[in-house]
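Novice: Contents are compact mmCIF, C-alpha atoms; file name data_32.txt:
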```
# COMPACT_ATOMS: atom_id res chain seq x y z
CA MET A 4 0.00 0.00 0.00
CA LYS A 5 2.89 2.38 0.74
CA LYS A 6 4.32 1.93 -2.77
CA LYS A 7 0.95 2.80 -4.29
CA SER A 8 0.72 5.95 -2.13
CA ARG A 9 4.22 7.03 -3.12
CA LEU A 10 3.49 6.40 -6.77
CA THR A 11 0.26 8.38 -6.52
CA ALA A 12 2.10 11.21 -4.78
CA VAL A 13 4.82 11.24 -7.45
CA ILE A 14 2.20 11.28 -10.22
CA LEU A 15 0.30 14.12 -8.54
CA LEU A 16 3.50 16.11 -8.03
CA ALA A 17 4.51 15.57 -11.66
CA ALA A 18 1.05 16.64 -12.84
CA MET A 19 1.22 19.80 -10.73
CA LEU A 20 4.66 20.67 -12.07
CA LEU A 21 3.63 20.05 -15.65
CA THR A 22 0.51 22.13 -15.23
CA ALA A 23 2.54 25.01 -13.81
CA CYS A 24 5.08 24.72 -16.59
CA GLY A 25 2.30 24.60 -19.17
CA LYS A 26 0.94 28.05 -18.30
CA ASN A 27 0.04 30.07 -21.36
CA PRO A 28 3.05 32.25 -22.29
CA SER A 29 0.71 35.14 -23.16
CA GLU A 30 -0.67 35.09 -19.62
CA VAL A 31 2.85 35.10 -18.22
CA GLY A 32 3.70 37.94 -20.61
CA VAL A 33 0.75 39.95 -19.31
CA GLU A 34 2.00 39.44 -15.75
CA TYR A 35 5.45 40.72 -16.74
CA LEU A 36 3.85 43.61 -18.60
CA GLN A 37 1.80 44.59 -15.55
CA ASN A 38 4.95 44.50 -13.42
CA GLY A 39 6.89 46.69 -15.83
CA ASP A 40 9.27 43.90 -16.86
CA TYR A 41 9.00 44.61 -20.58
CA LYS A 42 11.98 42.54 -21.70
CA ASN A 43 10.60 39.35 -20.18
CA ALA A 44 7.09 40.24 -21.35
CA ILE A 45 8.32 40.45 -24.93
CA GLU A 46 10.10 37.11 -24.58
CA GLN A 47 6.92 35.45 -23.30
CA PHE A 48 4.79 36.97 -26.04
CA GLN A 49 7.33 35.78 -28.62
CA THR A 50 7.13 32.29 -27.10
CA ALA A 51 3.33 32.37 -27.48
CA ILE A 52 3.72 33.45 -31.12
CA ASP A 53 6.28 30.71 -31.77
CA LYS A 54 3.93 28.14 -30.20
CA ASN A 55 1.00 29.54 -32.20
CA LYS A 56 -0.97 30.30 -29.01
CA ASN A 57 -3.21 33.37 -28.98
CA VAL A 58 -1.02 34.91 -31.67
CA GLY A 59 -3.05 38.10 -32.16
CA ASP A 60 -3.18 38.82 -28.44
CA ALA A 61 0.51 37.97 -28.08
CA TYR A 62 1.39 40.52 -30.77
CA ARG A 63 -0.84 43.09 -29.05
CA GLY A 64 0.94 42.47 -25.74
CA MET A 65 4.31 42.66 -27.45
CA GLY A 66 3.29 45.98 -29.00
CA MET A 67 2.31 47.36 -25.62
CA ALA A 68 5.64 46.30 -24.09
CA LYS A 69 7.55 47.87 -26.97
CA TRP A 70 5.43 51.03 -26.67
CA GLU A 71 6.40 51.29 -23.01
CA GLN A 72 10.06 50.98 -24.05
CA LYS A 73 9.55 53.78 -26.59
CA ASP A 74 10.29 51.37 -29.45
CA TYR A 75 7.57 52.90 -31.60
CA LYS A 76 8.63 51.19 -34.81
CA GLY A 77 8.62 47.78 -33.13
CA ALA A 78 5.34 48.54 -31.36
CA LEU A 79 3.61 49.57 -34.57
CA LYS A 80 4.85 46.46 -36.35
CA ALA A 81 3.57 44.29 -33.49
CA PHE A 82 0.18 46.05 -33.48
CA LYS A 83 -0.17 45.56 -37.24
CA ASN A 84 0.64 41.87 -36.77
CA ALA A 85 -1.94 41.73 -33.99
CA VAL A 86 -4.62 42.95 -36.40
CA LYS A 87 -3.47 40.49 -39.09
CA ASN A 88 -3.68 37.64 -36.57
CA GLY A 89 -7.16 38.30 -35.26
CA ALA A 90 -6.57 40.41 -32.15
CA PHE A 91 -9.59 42.27 -30.86
CA GLU A 92 -9.69 45.54 -32.78
CA ASP A 93 -10.79 48.38 -30.57
CA GLY A 94 -10.26 52.08 -30.06
CA THR A 95 -7.35 51.49 -27.71
CA LEU A 96 -5.43 49.45 -30.27
CA TYR A 97 -5.95 51.94 -33.08
CA ASN A 98 -5.17 54.87 -30.79
CA LEU A 99 -1.84 53.26 -29.91
CA MET A 100 -1.15 52.63 -33.59
CA GLY A 101 -1.87 56.29 -34.28
CA CYS A 102 0.40 57.42 -31.45
CA CYS A 103 3.21 55.22 -32.79
CA SER A 104 2.72 56.71 -36.24
CA LEU A 105 2.92 60.24 -34.82
CA GLU A 106 6.15 59.36 -33.03
CA LEU A 107 7.51 58.00 -36.33
CA ASP A 108 6.53 61.18 -38.23
CA LYS A 109 3.88 59.33 -40.25
CA ALA A 110 1.08 61.80 -39.59
CA SER A 111 -1.19 60.78 -42.46
CA ASP A 112 -1.13 57.19 -41.21
CA ALA A 113 -1.86 58.49 -37.72
CA VAL A 114 -4.93 60.35 -39.00
CA ASP A 115 -6.25 57.10 -40.47
CA TYR A 116 -5.62 55.17 -37.25
CA PHE A 117 -7.26 57.82 -35.06
CA LYS A 118 -10.30 57.91 -37.34
CA LYS A 119 -10.50 54.12 -37.08
CA ALA A 120 -10.17 54.41 -33.28
CA GLN A 121 -13.12 56.80 -33.21
CA GLU A 122 -15.33 54.18 -34.87
CA ASP A 123 -15.34 52.03 -31.72
CA GLU A 124 -18.63 52.75 -29.98
CA ASN A 125 -17.33 51.12 -26.79
CA ASN A 126 -14.59 53.68 -26.14
CA SER A 127 -14.67 55.20 -22.68
CA ALA A 128 -15.31 58.94 -22.38
CA ASP A 129 -11.64 59.50 -21.49
CA LEU A 130 -10.40 57.47 -24.45
CA THR A 131 -12.81 59.27 -26.80
CA GLN A 132 -11.42 62.61 -25.63
CA GLU A 133 -7.82 61.41 -25.99
CA ILE A 134 -8.42 60.12 -29.51
CA SER A 135 -10.08 63.40 -30.51
CA TYR A 136 -7.11 65.39 -29.25
CA ASN A 137 -4.63 63.03 -30.92
CA LEU A 138 -6.46 63.43 -34.23
CA ILE A 139 -6.00 67.20 -34.01
CA ALA A 140 -2.27 66.69 -33.42
CA ALA A 141 -2.07 64.32 -36.38
CA TYR A 142 -3.79 66.80 -38.70
CA GLU A 143 -1.47 69.54 -37.49
CA GLN A 144 1.64 67.39 -37.91
CA SER A 145 0.53 66.43 -41.42
CA GLY A 146 0.18 70.08 -42.38
CA ASP A 147 -3.60 69.87 -42.79
CA TYR A 148 -4.27 73.00 -40.73
CA ASP A 149 -7.83 73.46 -41.95
CA ASN A 150 -8.91 70.09 -40.58
CA ALA A 151 -6.82 70.65 -37.46
CA LYS A 152 -8.66 73.93 -36.77
CA THR A 153 -12.05 72.41 -37.52
CA GLN A 154 -11.39 69.46 -35.21
CA LEU A 155 -9.97 71.75 -32.52
CA LYS A 156 -13.10 73.94 -32.61
CA ALA A 157 -15.32 70.87 -32.19
CA TYR A 158 -13.02 69.63 -29.42
CA VAL A 159 -13.13 72.81 -27.32
CA ASP A 160 -16.89 73.00 -27.78
CA LYS A 161 -17.22 69.47 -26.43
CA TYR A 162 -14.46 69.75 -23.77
CA PRO A 163 -14.50 73.38 -22.59
CA ASP A 164 -12.54 72.54 -19.42
CA ASP A 165 -9.43 71.52 -21.36
CA GLU A 166 -7.36 74.66 -20.82
CA LYS A 167 -4.49 73.59 -23.07
CA ALA A 168 -6.85 72.95 -25.96
CA GLN A 169 -8.56 76.28 -25.34
CA LYS A 170 -5.18 78.07 -25.49
CA ASP A 171 -4.35 76.20 -28.70
CA TYR A 172 -7.70 77.23 -30.14
CA ASP A 173 -7.19 80.87 -29.16
CA PHE A 174 -3.80 80.77 -30.88
CA TRP A 175 -5.16 79.15 -34.05
CA SER A 176 -8.12 81.55 -34.17
CA THR A 177 -5.71 84.43 -34.72
CA ARG A 178 -4.02 82.74 -37.67
```
Would you mind writing the file's structure down as structure tokens?
Specialist:
Amino acid sequence: MKKKSRLTAVILLAAMLLTACGKNPSEVGVEYLQNGDYKNAIEQFQTAIDKNKNVGDAYRGMGMAKWEQKDYKGALKAFKNAVKNGAFEDGTLYNLMGCCSLELDKASDAVDYFKKAQEDENNSADLTQEISYNLIAAYEQSGDYDNAKTQLKAYVDKYPDDEKAQKDYDFWSTR
């Protein structure tokens, strides 16, 4: 009876160890991401991609880790791969893609991403405001000052408490 108990204990221990080792790399990557360990997060997301597990979400996580490291080119590439691999497309994802594009001096791409971000009806009020402001910046960076002014006017009408935007509007109104 003792041998059977030991064997059962060994099998249970092995099963527990295998289960722990078999944790989804994307989940581990998210834990690293939440703890600010971006290097290890990227490694875990890459492992998930290599194992073909939640590939779209793994690319999205990788993009977020690269964004936090200010690797905007790498982040944008990861976000594009996320979309290609079926990641959930929402306002947050497209807003980040637009922000990466702005950082990379690709303002016309940023405009397109911010417009796409605005299409998500589930955006929070804060995200909606952020996207609207980012779109103004993208128009301005692209040299499309007419659209920038039009969007800025609509923005200050909707968000009159944004003092910075109001100052920007006052400046642009004199031009």
Novice: Between A:Gln144, A:Asn57, A:Gln132, A:Gln121, which residue has the minimum interatomic distance to Asp160 (chain A), considering only C-alpha atoms?
Specialist: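 Once distances to Asp160 (chain A) are computed over only C-alpha atoms, the minimum belongs to A:Gln132.
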Novice: Return as lines of an AutoDock Vina configuration file the box centre and box size in Å, one decimal, for an axis-aligned box around all listed atoms of region 105-124 of chain A padded by 5 Å per side.
Specialist:
```
center_x = -5.6
center_y = 56.9
center_z = -36.2
size_x = 36.1
size_y = 19.8
size_z = 22.5
```
Novice: Which residue is closest to Lys54 (chain A)? Choose from A:Pro163, A:Tyr136, A:Ala68, A:Asn27 and count only C-alpha atoms.
Specialist: A:Asn27
Novice: Counting only C-alpha atoms, which residues in region 46-74 of chain A sit no more than 12 Å from region 95-117 of chain A? For each one, give the nearest pair of atoms and the distance in Å, sorted by chain then residue number, as a Markdown table.
Specialist:
```
| residue | atom | partner | partner_atom | distance |
| --- | --- | --- | --- | --- |
| A:Gly59 | CA | A:Leu96 | CA | 11.7 |
| A:Asp60 | CA | A:Leu96 | CA | 11.0 |
| A:Tyr62 | CA | A:Leu96 | CA | 11.2 |
| A:Arg63 | CA | A:Leu96 | CA | 7.9 |
| A:Gly64 | CA | A:Leu96 | CA | 10.5 |
| A:Gly66 | CA | A:Leu99 | CA | 9.0 |
| A:Met67 | CA | A:Leu99 | CA | 8.4 |
| A:Ala68 | CA | A:Leu99 | CA | 11.8 |
| A:Lys69 | CA | A:Cys103 | CA | 10.3 |
| A:Trp70 | CA | A:Cys103 | CA | 7.7 |
| A:Glu71 | CA | A:Leu99 | CA | 10.9 |
| A:Gln72 | CA | A:Cys103 | CA | 11.9 |
| A:Lys73 | CA | A:Cys103 | CA | 9.0 |
| A:Asp74 | CA | A:Cys103 | CA | 8.7 |
```
Novice: What is the CA of Phe91 (chain A) to CA of Lys26 (chain A) distance in Å?
Specialist: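 Taking CA of Phe91 (chain A) and CA of Lys26 (chain A), their separation equals 21.7 Å.
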Novice: CA of Ile139 (chain A) to CA of Gln154 (chain A): how many Å, to one decimal?
Specialist: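 Between CA of Ile139 (chain A) and CA of Gln154 (chain A) the gap is 6.0 Å.
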Novice: What is the CA of Trp175 (chain A)-CA of Tyr158 (chain A) distance in Å, reported with one decimal?
Specialist: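 Rounded to one decimal, the two atoms are 13.2 Å apart.
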Novice: Do a neighbour search on Asp53 (chain A) at 12 Å with all atoms listed in the file, toss out local chain neighbours closer than 5 positions, and write the hits as a ChimeraX atom specification.
Specialist: /A:28-29,46-48,58-59,61-62
Novice: Determine the nearest neighbour of Asp165 (chain A) from the options A:Glu30, A:Glu143, A:Asp149, A:Glu133, counting all atoms listed in the file.
Specialist: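 Ranked by minimum distance to Asp165 (chain A), first place goes to A:Glu133.
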Novice: Counting only C-alpha atoms, figure out which residue out of A:Ser145, A:Gly94, A:Lys152, A:Val33 gets nearest to Ser127 (chain A).
Specialist: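 Result for the nearest residue to Ser127 (chain A): A:Gly94.
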